[in-house]
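Undergrad: Structure file query-v9.cif (mmCIF, C-alpha atoms) is given on the next line.
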```
data_protein
loop_
_atom_site.label_atom_id
_atom_site.label_comp_id
_atom_site.auth_asym_id
_atom_site.auth_seq_id
_atom_site.Cartn_x
_atom_site.Cartn_y
_atom_site.Cartn_z
CA GLY A 207 146.69 259.43 215.47
CA ALA A 208 150.17 259.27 216.96
CA PHE A 209 152.24 261.71 219.02
CA ALA A 210 155.56 262.64 217.43
CA GLY A 211 157.54 265.85 217.66
CA GLY A 212 155.23 267.27 220.30
CA ALA A 213 152.03 267.03 218.22
CA ILE A 214 149.43 264.41 217.32
CA ASN A 215 149.01 263.64 213.62
CA VAL A 216 147.44 260.99 211.39
CA TRP A 217 149.78 258.10 210.60
CA VAL A 218 149.37 254.89 208.62
CA MET A 219 151.33 251.64 208.66
CA ASP A 220 151.33 248.24 207.03
CA PRO A 221 149.16 245.51 208.63
CA ASP A 222 152.26 243.92 210.18
CA GLY A 223 153.16 247.19 211.95
CA GLY A 224 155.97 248.24 209.62
CA ASN A 225 156.45 251.20 207.29
CA ALA A 226 154.82 253.78 209.60
CA ARG A 227 154.48 257.19 207.98
CA ALA A 228 152.73 260.47 208.77
CA LEU A 229 149.96 261.71 206.47
CA THR A 230 149.52 265.02 208.29
CA THR A 231 152.03 267.33 209.93
CA GLY A 232 151.63 270.42 212.08
CA LYS A 233 151.15 271.48 215.67
CA GLU A 234 147.37 272.02 215.49
CA GLY A 235 146.58 268.32 215.91
CA SER A 236 144.95 265.76 213.58
CA TRP A 237 143.68 262.32 214.57
CA GLY A 238 140.90 259.74 214.26
CA GLY A 239 141.44 258.66 210.65
CA THR A 240 138.68 256.58 209.02
CA PHE A 241 139.16 255.13 205.52
CA THR A 242 136.39 255.15 202.94
CA PRO A 243 135.23 251.61 202.03
CA ASP A 244 137.31 251.57 198.83
CA GLY A 245 140.41 252.71 200.72
CA SER A 246 140.99 255.68 198.42
CA ARG A 247 140.33 258.45 200.94
CA LEU A 248 140.56 259.14 204.65
CA VAL A 249 138.32 261.24 206.90
CA PHE A 250 139.86 262.61 210.07
CA ILE A 251 139.47 265.14 212.90
CA SER A 252 141.69 268.21 212.84
CA ARG A 253 142.14 271.55 214.57
CA ARG A 254 143.97 273.08 211.59
CA SER A 255 141.09 275.54 211.04
CA GLY A 256 141.24 276.71 214.65
CA LYS A 257 138.26 274.55 215.65
CA GLN A 258 137.76 270.80 215.85
CA ASN A 259 136.33 269.97 212.43
CA LEU A 260 136.24 267.01 210.04
CA TRP A 261 138.48 266.88 206.98
CA ARG A 262 139.03 264.54 204.04
CA MET A 263 142.21 263.61 202.19
CA ASP A 264 143.45 261.03 199.71
CA ALA A 265 145.00 257.85 201.12
CA ASP A 266 148.46 259.26 200.38
CA GLY A 267 147.74 262.49 202.29
CA GLY A 268 146.97 264.71 199.29
CA ASN A 269 143.91 266.78 198.29
CA LEU A 270 142.88 268.08 201.71
CA LYS A 271 139.26 269.24 201.97
CA GLN A 272 137.34 270.57 204.99
CA LEU A 273 133.92 268.89 205.32
CA THR A 274 132.43 270.47 208.47
CA PHE A 275 132.60 274.02 209.78
CA GLY A 276 130.88 274.00 213.19
CA GLN A 277 132.02 274.65 216.74
CA GLY A 278 133.30 271.11 217.15
CA GLU A 279 132.69 267.75 215.48
CA TYR A 280 133.74 264.21 216.38
CA VAL A 281 132.79 260.49 216.10
CA PRO A 282 133.24 260.34 212.28
CA ARG A 283 131.71 257.25 210.66
CA LEU A 284 131.25 256.52 206.97
CA SER A 285 128.26 254.90 205.25
CA PRO A 286 128.90 251.53 203.54
CA ASP A 287 128.75 253.15 200.09
CA GLY A 288 131.31 255.78 201.15
CA LYS A 289 129.02 258.66 200.14
CA TRP A 290 127.99 260.00 203.55
CA LEU A 291 129.91 260.99 206.65
CA PHE A 292 128.01 260.69 209.94
CA TYR A 293 129.29 262.64 212.92
CA VAL A 294 128.41 264.34 216.21
CA SER A 295 128.35 268.13 216.32
CA TRP A 296 127.89 270.97 218.79
CA ALA A 297 126.47 273.22 216.04
CA THR A 298 123.25 273.90 217.99
CA GLY A 299 124.90 274.18 221.40
CA ARG A 300 124.24 270.55 222.30
CA SER A 301 125.52 267.19 221.11
CA GLU A 302 123.58 266.06 218.02
CA CYS A 303 124.10 263.62 215.14
CA TRP A 304 124.53 265.02 211.62
CA LYS A 305 125.58 263.76 208.19
CA VAL A 306 127.33 265.45 205.27
CA PRO A 307 128.30 264.24 201.77
CA VAL A 308 131.89 262.95 201.67
CA ASP A 309 132.39 264.96 198.48
CA GLY A 310 131.39 268.09 200.41
CA GLY A 311 128.04 269.84 200.65
CA GLU A 312 125.23 270.78 203.00
CA ALA A 313 125.03 269.02 206.36
CA VAL A 314 121.75 267.43 207.48
CA SER A 315 120.65 267.02 211.10
CA LEU A 316 119.70 263.52 212.28
CA ALA A 317 118.92 264.56 215.85
CA ALA A 318 115.33 263.31 215.61
CA LYS A 319 116.47 259.83 214.55
CA MET A 320 119.66 259.03 216.47
CA ASP A 321 121.75 260.40 219.33
CA SER A 322 125.19 259.59 217.90
CA SER A 323 126.86 258.27 214.76
CA PRO A 324 125.73 254.81 213.63
CA VAL A 325 127.87 251.72 213.14
CA PHE A 326 127.29 249.48 210.12
CA SER A 327 127.32 245.74 209.52
CA ARG A 328 130.10 244.48 207.27
CA ASP A 329 127.67 243.62 204.45
CA GLY A 330 126.32 247.18 204.60
CA LYS A 331 122.72 246.12 205.18
CA LEU A 332 122.21 247.14 208.82
CA MET A 333 123.13 250.02 211.09
CA ALA A 334 122.97 250.33 214.87
CA PHE A 335 122.79 253.57 216.82
CA PRO A 336 121.83 254.95 220.25
CA LYS A 337 118.51 256.69 220.78
CA ASP A 338 116.90 257.70 224.08
CA GLY A 339 118.97 255.33 226.20
CA ARG A 340 118.60 252.29 223.95
CA THR A 341 120.37 250.85 220.91
CA LEU A 342 118.29 250.49 217.77
CA VAL A 343 119.07 248.37 214.71
CA SER A 344 117.56 249.39 211.38
CA PRO A 345 118.18 248.99 207.64
CA ALA A 346 121.29 250.94 206.62
CA GLN A 347 119.30 252.80 203.96
CA GLY A 348 116.83 254.03 206.57
CA GLY A 349 113.39 252.91 207.69
CA GLU A 350 111.76 251.75 210.90
CA PRO A 351 113.95 250.02 213.53
CA LEU A 352 114.05 246.24 213.31
CA LYS A 353 115.45 245.60 216.80
CA SER A 354 115.81 247.49 220.08
CA PHE A 355 118.22 246.62 222.90
CA ASP A 356 118.78 247.95 226.41
CA LEU A 357 122.34 249.01 225.57
CA THR A 358 124.02 252.41 225.60
CA ALA A 359 127.61 251.38 224.84
CA ILE A 360 127.22 249.92 221.36
CA LEU A 361 130.52 249.69 219.55
CA LEU A 362 130.39 247.59 216.39
CA PHE A 363 128.83 244.66 214.60
CA ALA A 364 130.49 241.28 214.81
CA PRO A 365 132.05 240.25 211.47
CA ASP A 366 129.26 237.75 210.74
CA GLY A 367 126.62 240.45 211.28
CA LYS A 368 124.63 238.31 213.69
CA SER A 369 125.48 240.18 216.88
CA LEU A 370 126.67 243.48 218.30
CA THR A 371 129.97 243.73 220.18
CA PHE A 372 129.96 246.11 223.13
CA VAL A 373 132.06 247.01 226.15
CA ARG A 374 130.91 246.82 229.73
CA ASN A 375 133.24 248.58 232.21
CA GLN A 376 132.51 247.60 235.81
CA GLU A 377 134.51 248.53 238.91
CA GLY A 378 137.48 249.64 236.84
CA VAL A 379 137.62 246.52 234.67
CA GLY A 380 136.30 246.30 231.12
CA ASN A 381 135.19 243.29 229.12
CA PHE A 382 133.68 242.65 225.72
CA TRP A 383 130.18 241.25 225.38
CA ARG A 384 128.09 239.96 222.50
CA GLN A 385 124.43 240.89 222.01
CA PRO A 386 122.83 238.46 219.51
CA LEU A 387 120.46 240.21 217.11
CA ASP A 388 117.90 237.44 217.62
CA GLY A 389 117.23 238.88 221.09
CA ALA A 390 119.01 236.23 223.17
CA LYS A 391 120.73 237.34 226.37
CA PRO A 392 124.13 239.08 226.10
CA VAL A 393 127.16 236.79 226.36
CA GLN A 394 130.50 237.82 227.89
CA ILE A 395 133.33 237.06 225.42
CA THR A 396 136.41 238.19 227.39
CA HIS A 397 137.26 237.74 231.06
CA PHE A 398 139.88 240.35 231.86
CA THR A 399 140.71 241.04 235.51
CA GLU A 400 142.30 244.42 234.83
CA TYR A 401 142.21 247.17 232.15
CA TRP A 402 139.64 249.84 231.45
CA LEU A 403 138.55 249.53 227.81
CA TYR A 404 138.28 252.61 225.63
CA GLY A 405 135.27 252.15 223.36
CA PRO A 406 136.10 253.97 220.09
CA GLY A 407 139.44 252.19 219.67
CA VAL A 408 138.06 248.73 218.80
CA ALA A 409 138.16 246.70 215.57
CA TRP A 410 137.57 243.10 214.51
CA SER A 411 140.07 241.46 212.16
CA PRO A 412 138.64 240.65 208.70
CA ASP A 413 138.41 236.92 209.52
CA GLY A 414 136.62 237.63 212.81
CA LYS A 415 139.18 235.71 214.87
CA GLN A 416 140.91 238.62 216.60
CA LEU A 417 139.81 241.82 218.32
CA ALA A 418 142.09 244.86 218.55
CA PHE A 419 141.41 247.41 221.29
CA ILE A 420 142.76 250.24 223.42
#
```
Any chance you could give the structure as structure tokens?

TA:
Amino acid sequence: GAFAGGAINVWVMDPDGGNARALTTGKEGSWGGTFTPDGSRLVFISRRSGKQNLWRMDADGGNLKQLTFGQGEYVPRLSPDGKWLFYVSWATGRSECWKVPVDGGEAVSLAAKMDSSPVFSRDGKLMAFPKDGRTLVSPAQGGEPLKSFDLTAILLFAPDGKSLTFVRNQEGVGNFWRQPLDGAKPVQITHFTEYWLYGPGVAWSPDGKQLAFI
């Protein structure tokens, strides 16, 4: 999302930063765009219905469709096959994890399994999610957890799928850490002396050599 003309809307640009263009317009506010794995569609957060719900549109901004209809939804994440949208909702009066088909349909509560939306490994085989103060790693298709870590700030899998990248903010300074999936101790991978890191705005480059963050 980007602020322009007094409102925040969903924008896209080329990888080199050029050719920026708005996909949504309006004063209600739209942000948090997440592309489907094939790049054909985009899921985003919008207040265009009067509440904070999740919407879907084509990559060029066409064919808008509302996917959720609760009192407020956020943290949209897509399954590796692009068929399911995971999100956090206040539908029951408290923060719970749900999923809904990307093509539209009935939402399903996942509150008994996870406390927030999962993140997926690049090969689509694993997912990691918070539950009861820990981070669990399980097969992406479901099943019993394979690993459990004493982490609550899980962000994303490393590109090679062998570790989890997370942020640790201490005394006003944030740094990135790596938690190997083999259970070894976490390793600090940046050594900033300033900056508070904002968790959701993080992404590895495809080759795994660079990390973009807010």

Undergrad: Kindly provide the residues of stretch 246-293 of chain A that approach stretch 326-336 of chain A to within 9 Å, each paired with its closest atom pair and their distance in Å to one decimal, based on all atoms listed in the file, listed by chain and increasing number, as a tab-separated table.

TA:
```
residue	atom	partner	partner_atom	distance
A:Arg283	CA	A:Phe326	CA	9.0
A:Leu284	CA	A:Phe326	CA	8.7
A:Ser285	CA	A:Phe326	CA	7.4
A:Pro286	CA	A:Gly330	CA	5.2
A:Asp287	CA	A:Gly330	CA	7.9
```

Undergrad: Give as a PyMOL selection string the set of residues within 8 Å of the point (138.5, 260.7, 210.7), where distances use the file's coordinates and only C-alpha atoms.

TA: chain A and resi 237-241+248-251+260-262+281-283

Undergrad: Please provide as a PyMOL selection string all residues within 12 Å of A:Lys391, with the sequence filter that same-chain residues fewer than 3 positions apart are discarded (counting only C-alpha atoms).

TA: chain A and resi 355-357+369-370+383-388+394

Undergrad: Using all atoms listed in the file - which residues lie no farther than 10 Å from the point (135.8, 251.9, 225.0) in the file's frame? Write them as a list in words.

TA: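 Checking each residue against the 10 Å limit leaves Ala359, Ile360, Leu361, Phe372, Val373, Arg374, Asn375, Gly380, Asn381, Phe382, Trp402, Leu403, Tyr404, Gly405, Pro406, Gly407, Val408, Phe419 and Ile420 of chain A.
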
Undergrad: Restricting the calculation to all atoms listed in the file, which member of A:Ala313, A:Gly278, A:Asn215, A:Pro243 is positioned closest to A:Arg300?

TA: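 Of A:Ala313, A:Gly278, A:Asn215, A:Pro243, the one nearest A:Arg300 is A:Gly278, counting all atoms listed in the file.
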
Undergrad: So how far away is atom CA of A:Leu352 from atom CA of A:Asp338, in Å?

TA: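 Result for atom CA of A:Asp338 versus atom CA of A:Leu352: 16.0 Å, one decimal.
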
Undergrad: Apply the PyMOL selection byres ((chain A and resi 295) around 8) to the file shown and report the selected residues as a ChimeraX atom specification.

TA: /A:276-280,293-294,296-298,300-304

Undergrad: Work out how far atom CA of A:Ile395 is from atom CA of A:Asp321, in Å to one decimal.

TA: 26.8 Å

Undergrad: Quick one: residues within 9 Å of A:Gly414, all atoms listed in the file counted, chain neighbours fewer than 3 positions away excluded, as a tab-separated table (two decimals) with C-alpha atoms, in the coordinates of the input?

TA:
```
chain	number	residue	atom	x	y	z
A	364	ALA	CA	130.49	241.28	214.81
A	365	PRO	CA	132.05	240.25	211.47
A	366	ASP	CA	129.26	237.75	210.74
A	410	TRP	CA	137.57	243.10	214.51
A	411	SER	CA	140.07	241.46	212.16
A	417	LEU	CA	139.81	241.82	218.32
```

Undergrad: Go ahead and compute the interatomic distance for atom CA of A:Arg254 and atom CA of A:Lys233, in Å to one decimal.

TA: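 Separating atom CA of A:Arg254 from atom CA of A:Lys233 is a distance of 8.4 Å.
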
Undergrad: Draw an axis-aligned box tight on the listed atoms of stretch 272-289 of chain A, then pad every side by 6 Å and write out centre and edge lengths in Å to one decimal as AutoDock Vina command-line options.

TA:
```
--center_x 132.8 --center_y 263.1 --center_z 208.6 --size_x 21.1 --size_y 35.1 --size_z 29.1
```

Undergrad: Residues within 7 Å of A:Val218, please, as a VMD selection string. Count only C-alpha atoms; anything in the same chain fewer than 6 positions from it doesn't count.

TA: chain A and resid 226 to 228

Undergrad: I need the residue set behind the PyMOL selection byres ((chain A and resi 267) around 9) for this file; please write it as a VMD selection string.

TA: chain A and resid 228 to 230 247 to 248 263 to 266 268 to 270

Undergrad: Considering all atoms listed in the file, state which residue in the set A:Asn259, A:Asn225, A:Thr242, A:Thr358 is at the smallest distance from A:Val308.

TA: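 Closest to A:Val308 of all the choices is A:Thr242.
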
Undergrad: Given all atoms listed in the file as the basis, pick out the residue of A:Ala317, A:Leu273, A:Ile214, A:Ala409 nearest to A:Thr231.

TA: A:Ile214

Undergrad: Which of these, A:Val216, A:Val325, A:Arg253, A:Leu291, has the shortest distance to A:Gly367 once you count only C-alpha atoms?

TA: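 Checking each of A:Val216, A:Val325, A:Arg253, A:Leu291 against A:Gly367, counting only C-alpha atoms, the winner is A:Val325.
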